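Student: Sharing upload-v2.cif here; it has mmCIF, C-alpha atoms.
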```
data_model
#
loop_
_atom_site.label_atom_id
_atom_site.label_comp_id
_atom_site.auth_asym_id
_atom_site.auth_seq_id
_atom_site.Cartn_x
_atom_site.Cartn_y
_atom_site.Cartn_z
CA MET P 27 18.48 -32.51 3.79
CA GLN P 28 16.39 -29.39 4.43
CA SER P 29 19.23 -27.06 3.42
CA SER P 30 19.76 -28.94 0.15
CA ARG P 31 16.05 -28.74 -0.62
CA ARG P 32 16.06 -25.01 0.04
CA ALA P 33 19.03 -24.58 -2.28
CA PHE P 34 17.23 -26.61 -4.95
CA ALA P 35 14.05 -24.54 -4.62
CA THR P 36 15.98 -21.30 -4.86
CA SER P 37 17.82 -22.37 -8.00
CA LEU P 38 14.76 -23.59 -9.92
CA THR P 39 14.11 -21.85 -13.23
CA ALA P 40 10.64 -20.42 -13.82
CA ALA P 41 9.80 -23.21 -16.28
CA ALA P 42 10.98 -25.94 -13.90
CA TYR P 43 9.05 -24.43 -11.00
CA SER P 44 5.93 -24.33 -13.15
CA ARG P 45 6.29 -28.05 -13.87
CA VAL P 46 6.60 -28.79 -10.14
CA HIS P 47 3.29 -27.01 -9.52
CA GLY P 48 1.74 -28.81 -12.47
CA ALA P 49 2.32 -32.13 -10.73
CA ASN P 50 0.35 -30.97 -7.71
CA ASP P 51 -1.90 -28.04 -8.53
CA ARG P 52 -2.15 -26.82 -4.95
CA VAL P 53 -0.19 -24.10 -3.16
CA GLY P 54 0.95 -24.52 0.44
CA VAL P 55 0.59 -21.12 2.12
CA GLY P 56 2.07 -19.92 5.40
CA PHE P 57 0.95 -16.74 7.17
CA ILE P 58 3.19 -14.37 9.14
CA GLY P 59 1.14 -12.14 11.42
CA TYR P 60 -2.48 -12.55 12.49
CA GLY P 61 -3.77 -9.10 13.33
CA LEU P 62 -6.51 -7.08 11.67
CA ILE P 63 -5.39 -7.53 8.05
CA GLY P 64 -3.80 -10.91 8.74
CA ALA P 65 -7.21 -12.31 9.67
CA GLN P 66 -8.62 -10.87 6.43
CA HIS P 67 -5.93 -12.64 4.40
CA VAL P 68 -6.56 -15.98 6.12
CA PHE P 69 -10.24 -15.61 5.22
CA ASP P 70 -9.47 -14.72 1.60
CA PHE P 71 -6.92 -17.48 0.99
CA LYS P 72 -9.13 -20.05 2.70
CA ASN P 73 -11.79 -19.33 0.08
CA GLN P 74 -9.46 -20.44 -2.73
CA LYS P 75 -9.92 -24.11 -3.61
CA ASP P 76 -6.27 -24.74 -4.52
CA VAL P 77 -4.74 -23.49 -1.25
CA ASP P 78 -3.47 -25.58 1.63
CA MET P 79 -3.27 -23.55 4.85
CA VAL P 80 -0.11 -25.18 6.15
CA ALA P 81 1.51 -22.77 8.63
CA MET P 82 0.98 -19.76 10.89
CA SER P 83 3.63 -17.58 12.54
CA GLU P 84 2.84 -14.94 15.17
CA VAL P 85 4.74 -13.44 18.11
CA TYR P 86 1.63 -13.07 20.31
CA GLN P 87 0.45 -16.46 21.54
CA PRO P 88 -3.32 -15.75 21.71
CA ARG P 89 -3.27 -14.55 18.10
CA LEU P 90 -1.14 -17.52 17.05
CA ASP P 91 -3.67 -19.92 18.55
CA GLN P 92 -6.56 -18.10 16.93
CA GLY P 93 -4.81 -18.01 13.55
CA VAL P 94 -4.09 -21.74 13.62
CA SER P 95 -7.74 -22.37 14.49
CA GLU P 96 -8.95 -20.20 11.60
CA CYS P 97 -6.65 -22.13 9.25
CA GLY P 98 -8.64 -25.25 10.08
CA GLY P 99 -6.63 -26.34 13.10
CA ARG P 100 -4.13 -28.30 11.02
CA ALA P 101 -1.63 -25.52 10.28
CA LYS P 102 1.76 -25.80 11.96
CA SER P 103 2.44 -23.00 14.42
CA TYR P 104 5.68 -21.03 14.64
CA ARG P 105 6.62 -18.30 17.11
CA ASP P 106 9.76 -17.64 15.02
CA PHE P 107 8.98 -16.99 11.36
CA ARG P 108 12.46 -18.15 10.36
CA ARG P 109 11.51 -21.70 11.26
CA MET P 110 8.47 -21.40 9.01
CA LEU P 111 10.67 -20.34 6.11
CA GLU P 112 12.53 -23.65 6.52
CA ASP P 113 9.29 -25.61 6.16
CA LYS P 114 9.32 -27.44 2.81
CA ASP P 115 5.49 -27.57 2.78
CA VAL P 116 5.33 -23.77 2.59
CA GLN P 117 5.54 -22.62 -1.03
CA ALA P 118 4.22 -19.09 -0.50
CA VAL P 119 4.00 -16.78 2.49
CA VAL P 120 1.64 -13.94 3.35
CA VAL P 121 3.29 -11.12 5.32
CA SER P 122 0.77 -9.20 7.46
CA THR P 123 3.05 -7.81 10.17
CA PRO P 124 3.63 -4.21 11.27
CA ASP P 125 5.22 -2.21 8.46
CA HIS P 126 8.78 -2.22 9.77
CA TRP P 127 9.01 -5.98 9.12
CA HIS P 128 7.55 -6.09 5.58
CA ALA P 129 10.75 -5.63 3.58
CA LEU P 130 13.14 -7.86 5.51
CA MET P 131 10.66 -10.73 5.88
CA THR P 132 9.88 -10.57 2.16
CA MET P 133 13.56 -10.67 1.21
CA MET P 134 14.24 -13.56 3.60
CA ALA P 135 11.28 -15.48 2.19
CA CYS P 136 12.48 -14.90 -1.37
CA ALA P 137 15.94 -16.17 -0.47
CA ALA P 138 14.32 -19.27 1.07
CA GLY P 139 12.58 -20.04 -2.23
CA LYS P 140 9.11 -18.78 -1.26
CA ASP P 141 6.77 -16.53 -3.23
CA VAL P 142 5.35 -13.65 -1.21
CA TYR P 143 2.08 -11.76 -0.81
CA VAL P 144 3.06 -8.75 1.32
CA GLU P 145 0.75 -6.12 2.71
CA LYS P 146 1.20 -2.49 1.91
CA PRO P 147 2.98 -0.27 2.62
CA LEU P 148 5.75 -2.30 1.06
CA THR P 149 8.50 -0.55 3.01
CA LEU P 150 9.35 1.70 5.95
CA PHE P 151 11.86 3.76 3.94
CA VAL P 152 12.74 4.17 0.26
CA ARG P 153 15.93 2.11 0.00
CA GLU P 154 14.14 -1.00 1.29
CA GLY P 155 12.09 -1.10 -1.91
CA GLN P 156 15.21 -1.11 -4.05
CA TRP P 157 16.63 -3.98 -1.99
CA MET P 158 13.37 -5.95 -2.28
CA ILE P 159 13.32 -5.70 -6.06
CA LYS P 160 16.96 -6.82 -6.23
CA VAL P 161 16.39 -9.87 -4.01
CA ALA P 162 13.09 -10.87 -5.62
CA ARG P 163 14.59 -10.75 -9.13
CA LYS P 164 17.77 -12.52 -7.99
CA HIS P 165 15.79 -15.50 -6.73
CA GLY P 166 13.07 -15.40 -9.39
CA ARG P 167 10.24 -14.99 -6.90
CA VAL P 168 6.69 -13.71 -7.36
CA VAL P 169 5.98 -10.81 -4.98
CA GLN P 170 2.48 -9.36 -4.83
CA THR P 171 1.84 -6.08 -2.99
CA GLY P 172 -1.44 -5.81 -1.06
CA THR P 173 -2.85 -2.92 -3.06
CA GLN P 174 -6.01 -4.88 -3.76
CA GLN P 175 -7.83 -2.11 -5.63
CA ARG P 176 -5.84 -2.95 -8.78
CA SER P 177 -7.75 -6.24 -8.97
CA GLY P 178 -11.21 -4.62 -8.71
CA LYS P 179 -13.08 -4.95 -12.01
CA HIS P 180 -14.59 -1.47 -11.75
CA TYR P 181 -11.16 0.02 -10.99
CA GLN P 182 -9.87 -1.61 -14.17
CA LYS P 183 -12.80 -0.33 -16.24
CA ALA P 184 -12.34 3.20 -14.87
CA ARG P 185 -8.63 3.01 -15.75
CA ASP P 186 -9.46 2.02 -19.33
CA LEU P 187 -11.90 4.92 -19.66
CA LEU P 188 -9.38 7.41 -18.33
CA ARG P 189 -6.53 6.11 -20.49
CA GLY P 190 -8.88 6.10 -23.49
CA GLY P 191 -9.39 9.86 -23.15
CA HIS P 192 -12.90 9.84 -21.67
CA LEU P 193 -11.95 12.68 -19.31
CA GLY P 194 -9.74 14.46 -21.83
CA LYS P 195 -6.34 15.48 -20.52
CA VAL P 196 -6.07 14.86 -16.77
CA LEU P 197 -4.80 18.00 -15.05
CA SER P 198 -5.12 17.23 -11.35
CA VAL P 199 -6.02 14.52 -8.86
CA ARG P 200 -7.48 14.96 -5.39
CA MET P 201 -7.10 12.26 -2.71
CA THR P 202 -8.58 12.34 0.79
CA SER P 203 -8.66 10.19 3.93
CA TYR P 204 -10.95 11.80 6.51
CA ARG P 205 -12.30 10.53 9.81
CA ASN P 206 -12.78 11.76 13.39
CA ILE P 207 -11.23 9.64 16.14
CA MET P 208 -11.04 12.35 18.83
CA PRO P 209 -9.63 12.35 21.45
CA GLY P 210 -7.28 9.63 20.20
CA PHE P 211 -6.12 6.33 21.63
CA GLY P 212 -4.84 7.53 24.99
CA ALA P 213 -1.32 7.59 26.39
CA PRO P 214 -0.66 4.51 28.53
CA PRO P 215 2.74 4.40 30.24
CA ASP P 216 5.54 2.08 29.16
CA ALA P 217 5.35 -1.30 30.87
CA ALA P 218 6.68 -4.83 30.77
CA PRO P 219 5.45 -6.78 27.73
CA PRO P 220 2.96 -9.60 28.33
CA ALA P 221 4.56 -12.96 29.07
CA ASP P 222 3.03 -14.49 25.93
CA PHE P 223 4.23 -11.68 23.63
CA ASP P 224 7.73 -11.94 22.09
CA TYR P 225 8.49 -8.22 22.06
CA GLU P 226 12.13 -8.65 21.02
CA MET P 227 11.04 -10.48 17.84
CA TRP P 228 8.23 -7.97 17.30
CA LEU P 229 10.80 -5.15 17.29
CA GLY P 230 13.10 -7.02 14.91
CA PRO P 231 15.14 -4.49 12.89
CA ALA P 232 13.48 -1.45 14.53
CA PRO P 233 15.28 0.57 17.26
CA LYS P 234 15.03 -0.75 20.80
CA ARG P 235 12.36 1.05 22.81
CA PRO P 236 10.47 0.12 25.99
CA PHE P 237 7.26 -1.82 25.41
CA ASN P 238 4.13 0.28 25.29
CA PRO P 239 0.62 -1.19 24.92
CA HIS P 240 -0.05 1.10 21.96
CA ARG P 241 3.13 0.45 20.06
CA GLY P 242 3.02 -3.31 20.45
CA ILE P 243 -0.35 -4.27 19.01
CA TYR P 244 -2.42 -2.41 16.36
CA HIS P 245 -1.51 1.17 17.15
CA PHE P 246 2.03 0.71 15.84
CA ARG P 247 0.80 2.64 12.81
CA TRP P 248 1.06 5.99 14.57
CA PHE P 249 4.79 5.74 15.43
CA TRP P 250 7.61 6.65 13.04
CA HIS P 251 9.83 3.70 13.99
CA TYR P 252 7.24 1.22 12.73
CA SER P 253 5.11 2.97 10.11
CA GLY P 254 4.32 6.18 8.24
CA GLY P 255 0.85 6.99 9.56
CA GLN P 256 -2.14 7.36 7.28
CA MET P 257 0.09 8.55 4.43
CA THR P 258 1.56 5.07 3.96
CA ASN P 259 -1.65 3.35 5.08
CA LEU P 260 -4.60 4.84 3.20
CA GLY P 261 -2.60 7.29 1.11
CA ALA P 262 -0.74 4.35 -0.48
CA HIS P 263 -4.00 2.98 -1.91
CA HIS P 264 -4.87 6.32 -3.51
CA ILE P 265 -1.41 7.04 -4.89
CA ASP P 266 -1.22 3.51 -6.27
CA ILE P 267 -4.32 4.08 -8.39
CA LEU P 268 -3.12 7.54 -9.44
CA GLN P 269 0.27 6.30 -10.67
CA TRP P 270 -1.23 3.15 -12.22
CA TYR P 271 -3.94 5.00 -14.12
CA LEU P 272 -1.63 7.74 -15.37
CA ASN P 273 1.34 5.40 -15.94
CA VAL P 274 3.94 7.39 -14.02
CA LYS P 275 6.83 6.16 -11.86
CA GLY P 276 6.69 8.99 -9.38
CA PRO P 277 6.48 12.73 -8.78
CA LYS P 278 9.15 15.28 -9.61
CA ALA P 279 8.49 17.39 -6.51
CA VAL P 280 6.67 17.04 -3.17
CA SER P 281 5.69 19.62 -0.58
CA ALA P 282 3.86 18.60 2.59
CA SER P 283 2.77 20.23 5.82
CA GLY P 284 0.76 19.27 8.88
CA GLY P 285 1.21 17.79 12.33
CA ARG P 286 -0.44 16.11 15.28
CA PHE P 287 -2.62 19.07 16.15
CA ALA P 288 -5.66 17.61 17.92
CA LEU P 289 -5.36 14.00 19.08
CA GLU P 290 -4.60 13.68 22.79
CA ASP P 291 -2.51 10.52 22.85
CA ASN P 292 1.09 9.37 22.55
CA GLY P 293 1.08 8.93 18.77
CA GLU P 294 3.66 10.65 16.57
CA THR P 295 2.40 10.67 12.98
CA PRO P 296 0.23 13.61 11.80
CA ASP P 297 -3.50 13.80 12.42
CA THR P 298 -3.69 16.60 9.85
CA MET P 299 -1.65 16.58 6.65
CA ASP P 300 -1.69 18.01 3.13
CA ALA P 301 0.85 16.87 0.55
CA LEU P 302 1.12 18.46 -2.89
CA TYR P 303 2.67 16.26 -5.59
CA GLU P 304 3.95 17.66 -8.87
CA TYR P 305 4.10 15.29 -11.84
CA ASP P 306 4.86 16.02 -15.48
CA GLY P 307 1.71 17.70 -16.79
CA PHE P 308 -0.51 17.44 -13.72
CA THR P 309 -0.62 17.93 -9.96
CA SER P 310 -2.21 15.97 -7.13
CA ILE P 311 -2.91 16.56 -3.48
CA TYR P 312 -3.36 14.06 -0.66
CA SER P 313 -5.16 15.26 2.48
CA CYS P 314 -5.41 13.34 5.73
CA ARG P 315 -7.76 14.29 8.59
CA GLU P 316 -7.89 12.20 11.76
CA ALA P 317 -9.89 14.68 13.84
CA SER P 318 -12.51 15.92 11.34
CA GLN P 319 -14.63 13.73 9.09
CA GLY P 320 -16.04 16.41 6.81
CA ARG P 321 -19.09 15.90 4.61
CA ARG P 322 -17.70 13.34 2.16
CA GLU P 323 -19.51 10.01 2.56
CA GLY P 324 -17.13 7.37 3.87
CA GLY P 325 -14.55 9.96 4.84
CA GLY P 326 -12.33 9.64 1.80
CA GLY P 327 -12.08 9.53 -1.95
CA LEU P 328 -10.11 9.78 -5.15
CA GLU P 329 -11.08 12.24 -7.89
CA PHE P 330 -9.54 12.84 -11.31
CA PHE P 331 -10.09 16.19 -13.07
CA GLY P 332 -9.77 16.35 -16.85
CA THR P 333 -10.58 18.79 -19.64
CA LYS P 334 -13.85 16.97 -20.42
CA GLY P 335 -15.03 16.21 -16.90
CA SER P 336 -14.14 14.55 -13.63
CA MET P 337 -14.34 11.05 -12.21
CA THR P 338 -14.62 9.80 -8.64
CA VAL P 339 -13.54 6.24 -7.89
CA SER P 340 -13.68 4.23 -4.66
CA ARG P 341 -14.22 0.67 -3.57
CA GLY P 342 -17.93 1.32 -3.92
CA GLY P 343 -17.70 2.11 -7.65
CA PHE P 344 -16.92 5.02 -9.96
CA GLU P 345 -18.83 7.91 -11.52
CA VAL P 346 -18.01 10.28 -14.38
CA PHE P 347 -19.32 13.88 -14.18
CA PRO P 348 -19.16 15.59 -17.59
CA ASP P 349 -18.29 19.26 -17.94
CA MET P 350 -20.48 21.27 -20.30
CA LYS P 351 -19.35 22.86 -23.56
CA ILE P 352 -19.80 26.58 -23.11
CA ASN P 353 -18.57 29.67 -24.89
CA PRO P 354 -15.61 30.88 -22.79
CA GLU P 355 -17.00 34.41 -23.00
CA ASN P 356 -20.08 33.24 -21.16
CA ALA P 357 -17.95 32.13 -18.21
CA ILE P 358 -16.94 35.73 -17.44
CA PRO P 359 -18.99 37.08 -14.50
CA ARG P 360 -21.19 40.08 -15.42
CA PHE P 361 -23.41 42.33 -13.36
CA ARG P 362 -27.13 42.03 -13.93
CA GLY P 363 -27.46 45.31 -15.79
CA HIS P 364 -24.71 44.61 -18.32
CA PRO P 365 -25.82 45.43 -21.88
CA GLY P 366 -24.93 41.92 -22.99
CA GLY P 367 -27.21 40.33 -20.45
CA GLY P 368 -26.36 37.46 -18.09
CA PRO P 369 -23.74 34.79 -18.67
CA GLN P 370 -26.12 32.51 -20.60
CA ALA P 371 -27.78 35.16 -22.72
CA ASN P 372 -28.75 34.08 -26.26
CA GLN P 373 -27.08 30.69 -25.88
CA ALA P 374 -28.65 27.30 -26.46
CA LYS P 375 -28.38 24.73 -23.70
CA PRO P 376 -24.76 23.53 -23.69
CA GLU P 377 -23.85 19.93 -24.51
CA PRO P 378 -21.59 17.79 -22.31
CA TRP P 379 -18.00 17.20 -23.36
CA THR P 380 -18.23 13.49 -22.52
CA GLN P 381 -20.63 10.79 -21.36
CA ALA P 382 -21.85 10.47 -17.78
CA ILE P 383 -21.16 6.97 -16.43
CA LYS P 384 -21.89 5.40 -13.06
CA GLU P 385 -20.88 1.88 -12.10
CA PRO P 386 -20.97 0.12 -8.73
CA GLY P 387 -18.05 -1.81 -7.30
CA SER P 388 -17.49 -4.61 -4.81
CA SER P 389 -14.86 -4.38 -2.09
CA PRO P 390 -14.87 -8.13 -1.18
CA GLU P 391 -14.45 -9.03 -4.86
CA GLN P 392 -11.20 -7.14 -5.23
CA PHE P 393 -9.63 -8.96 -2.25
CA ASP P 394 -10.58 -12.35 -3.71
CA LEU P 395 -9.34 -11.41 -7.18
CA HIS P 396 -6.06 -10.07 -5.82
CA VAL P 397 -5.39 -13.35 -4.03
CA ARG P 398 -6.42 -15.24 -7.17
CA ASN P 399 -4.00 -13.20 -9.27
CA PHE P 400 -1.17 -14.01 -6.85
CA LEU P 401 -1.88 -17.75 -6.86
CA ASP P 402 -2.14 -17.84 -10.64
CA CYS P 403 1.22 -16.10 -10.90
CA VAL P 404 2.78 -18.53 -8.41
CA LYS P 405 1.89 -21.24 -10.92
CA SER P 406 2.60 -19.39 -14.17
CA ARG P 407 5.67 -17.47 -12.89
CA GLN P 408 4.29 -14.28 -14.43
CA ARG P 409 4.57 -10.99 -12.55
CA PRO P 410 1.44 -10.12 -10.56
CA ILE P 411 -0.80 -7.12 -11.08
CA ALA P 412 0.79 -5.33 -8.08
CA ASP P 413 4.40 -6.42 -8.51
CA VAL P 414 7.12 -5.53 -5.99
CA GLU P 415 8.38 -2.79 -8.32
CA ASP P 416 4.92 -1.18 -8.47
CA GLY P 417 4.64 -1.32 -4.69
CA HIS P 418 8.06 0.27 -4.32
CA GLN P 419 7.20 3.21 -6.58
CA VAL P 420 3.94 3.88 -4.76
CA THR P 421 5.42 3.65 -1.28
CA THR P 422 8.31 5.87 -2.35
CA ALA P 423 5.85 8.66 -3.15
CA CYS P 424 4.32 8.22 0.31
CA HIS P 425 7.72 8.34 2.00
CA LEU P 426 8.62 11.53 0.13
CA GLY P 427 5.48 13.17 1.49
CA ASN P 428 6.42 12.20 5.04
CA ILE P 429 10.03 13.33 4.58
CA SER P 430 8.87 16.71 3.28
CA LEU P 431 6.54 17.13 6.26
CA ARG P 432 9.18 16.14 8.81
CA ILE P 433 11.97 18.23 7.31
CA GLY P 434 9.72 21.23 6.68
CA ARG P 435 10.41 22.02 3.04
CA LYS P 436 9.71 21.09 -0.56
CA LEU P 437 11.66 18.21 -2.10
CA ARG P 438 12.68 17.73 -5.71
CA TRP P 439 12.79 14.10 -6.83
CA ASP P 440 14.28 12.24 -9.79
CA PRO P 441 11.97 9.21 -10.32
CA GLU P 442 14.39 7.55 -12.74
CA LYS P 443 17.50 7.75 -10.56
CA GLU P 444 15.37 7.61 -7.37
CA GLU P 445 17.29 10.42 -5.76
CA ILE P 446 16.37 13.59 -3.88
CA ILE P 447 17.88 16.50 -5.78
CA GLY P 448 20.00 19.11 -4.01
CA ASP P 449 19.09 18.33 -0.38
CA ARG P 450 21.61 16.15 1.48
CA GLU P 451 19.77 16.36 4.79
CA ALA P 452 16.58 15.00 3.23
CA ALA P 453 18.49 12.37 1.22
CA VAL P 454 19.79 10.83 4.46
CA MET P 455 16.19 9.96 5.35
CA LEU P 456 15.87 7.62 2.34
CA GLU P 457 17.50 4.91 4.46
CA ARG P 458 17.44 3.86 8.11
CA PRO P 459 19.82 1.46 9.89
CA TYR P 460 18.62 -1.98 10.96
CA ARG P 461 19.21 -3.07 14.54
CA LYS P 462 21.59 -5.96 15.21
CA PRO P 463 21.58 -8.82 14.31
CA TRP P 464 19.14 -8.01 11.52
CA ASP P 465 21.61 -5.67 9.84
CA GLN P 466 23.85 -8.70 9.26
CA VAL P 467 20.92 -10.67 7.86
CA LEU P 468 20.28 -7.84 5.39
CA ARG P 469 23.92 -7.82 4.25
CA SER P 470 23.78 -11.56 3.62
CA LEU P 471 20.71 -11.12 1.40
CA LEU P 472 22.20 -8.35 -0.70
#
```
Rewrite the coordinates I just gave you, this time as structure tokens.

Tutor:
Amino acid sequence: MQSSRRAFATSLTAAAYSRVHGANDRVGVGFIGYGLIGAQHVFDFKNQKDVDMVAMSEVYQPRLDQGVSECGGRAKSYRDFRRMLEDKDVQAVVVSTPDHWHALMTMMACAAGKDVYVEKPLTLFVREGQWMIKVARKHGRVVQTGTQQRSGKHYQKARDLLRGGHLGKVLSVRMTSYRNIMPGFGAPPDAAPPADFDYEMWLGPAPKRPFNPHRGIYHFRWFWHYSGGQMTNLGAHHIDILQWYLNVKGPKAVSASGGRFALEDNGETPDTMDALYEYDGFTSIYSCREASQGRREGGGGLEFFGTKGSMTVSRGGFEVFPDMKINPENAIPRFRGHPGGGPQANQAKPEPWTQAIKEPGSSPEQFDLHVRNFLDCVKSRQRPIADVEDGHQVTTACHLGNISLRIGRKLRWDPEKEEIIGDREAAVMLERPYRKPWDQVLRSLL
């Protein structure tokens, strides 16, 4: 009976599925992963009045117990997420696992007839994003990427100003993620996994490696087999806004450099990185610092530079800084005794090219609105504000930065064909093999 119901759910048209929801205007949600961001998602979905918190899946028993408790104590618990995907009460799943599981779990959920809210970064390597789009479209599923800034009202207003020409022509974008976590997280030796931690399931499609306390819980993010460091973590948020605001699919060239220069631990991803992205008509640079905070408040930011002024935007709000209209001749440096006088000689006070604007933002609001957008799309069958295709394009740009850094040279990219141009060695890194038996699961989905 369960298999026939799953087949029925998978074959529903968008209109038919909408009618099913209309009969019971509630969405049964199951959660896969209850770590740092998983707990945030449970909190956000619990605040929505039309959500039933029906299931929790987690490979670490203490977190599973805590997650079930936070869901109200009535959620069914699953150590194996595949059993949760068979649960007919689960209509949508939230994937909050380490990055190396995002793509495969999302595709498996889509094939099981579930809609998916999946954390960013969407993928571990470029080809996964192409597979996710194919599977999501094949089964008619709603897939929302966890780039919550798109749902922030002030982010949307700033986008409208920029697209409306308030900054003039945008020429460059600067993105930063700075903090100081010296000396790092330490270097504990490999050991046996805890008895209540299913390490084999945690690894999933990733290569087999001995358990290490850092790799198995939160610090997975600093190891190439499971993540892409801060580039795919914080960099993904910045690049998402850049490509969304400027309506571009991806860069045409990427050049990155850096390394793990300062942190004294067993991590692999860079603690210092600069990636230059070339787009049609403008450039951007993403800089990551893990061992130096700098002077910027909050340690990071996103800044657009246009011919009329610049704009900074963050979760705390946005601000436009107008440039002043000046005679270009007056911008030429002159020594004090020059016959023509100083740079501002005989010139009235210049006027600004555009209007200064400052508007606050709200970080909690954007999380709530992003969840709300997903739930509304589950019911309407419309594509969400951060659709799987958007998430793929953003994460692809992040992966290209990491590939350039690791291979040590500039890459040329075709964003339409999604191919690295003229570099076979780099092109091989667009895909990684899945470990058995998950490679067979992937083949069955495609």

Student: Check what the PyMOL selection byres ((chain P and resi 250) around 10) selects in the file above and give those residues as number ranges by chain.

Tutor: P: 126, 150, 246-249, 251-255, 293-295, 428

Student: Identify all residues satisfying the PyMOL selection byres ((chain P and resi 228-245) around 9) in the given file; provide them as a ChimeraX atom specification.

Tutor: /P:61-62,85-86,123-124,126-127,130,211-219,223-227,246-249,251-252,292-293,459-465

Student: Counting only C-alpha atoms, figure out which residue out of P:Gly448, P:Pro390, P:Gly166, P:Gly434 gets nearest to Asn73 in chain P.

Tutor: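 The answer is P:Pro390, which sits nearest to Asn73 in chain P.
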
Student: Starting from the displayed file, determine the output of the PyMOL selection byres ((chain P and resi 347) around 8) and express the residue list as a list in words.

Tutor: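 Matching residues under the PyMOL selection byres ((chain P and resi 347) around 8) are Gly335, Ser336, Met337, Glu345, Val346, Pro348, Asp349, Gln381, Ala382 and Ile383 of chain P.
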
Student: Excluding same-chain residues fewer than 3 positions from Ser340 in chain P, what lies within 10 Å of it counting all atoms listed in the file, as number ranges by chain?

Tutor: P: 175, 180-181, 264, 324, 326-329, 343-345, 386-389

Student: What is the distance between CA of Glu457 in chain P and CA of Met158 in chain P, in Å to one decimal?

Tutor: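 Computing the Euclidean distance for CA of Glu457 in chain P and CA of Met158 in chain P yields 13.4 Å.
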
Student: So which one's closest to Lys195 in chain P, P:Phe400, P:Phe107, P:Phe57, P:Phe330? Using all atoms listed in the file, please.

Tutor: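 Ranking P:Phe400, P:Phe107, P:Phe57, P:Phe330 by distance to Lys195 in chain P, first place goes to P:Phe330.
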
Student: Considering all atoms listed in the file, state which residue in the set P:His192, P:Arg52, P:Arg176, P:Arg109 is at the smallest distance from Thr333 in chain P.

Tutor: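 Of P:His192, P:Arg52, P:Arg176, P:Arg109, the one nearest Thr333 in chain P, counting all atoms listed in the file, is P:His192.
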
Student: Work out how far CA of Ala282 in chain P is from CA of Pro296 in chain P, in Å to one decimal.

Tutor: 11.1 Å

Student: Between P:Asp402, P:Asp106, P:Asp306, P:Asp186, which has the minimum distance to Met82 in chain P (counting all atoms listed in the file)?

Tutor: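 Closest residue, counting all atoms listed in the file: P:Asp106.
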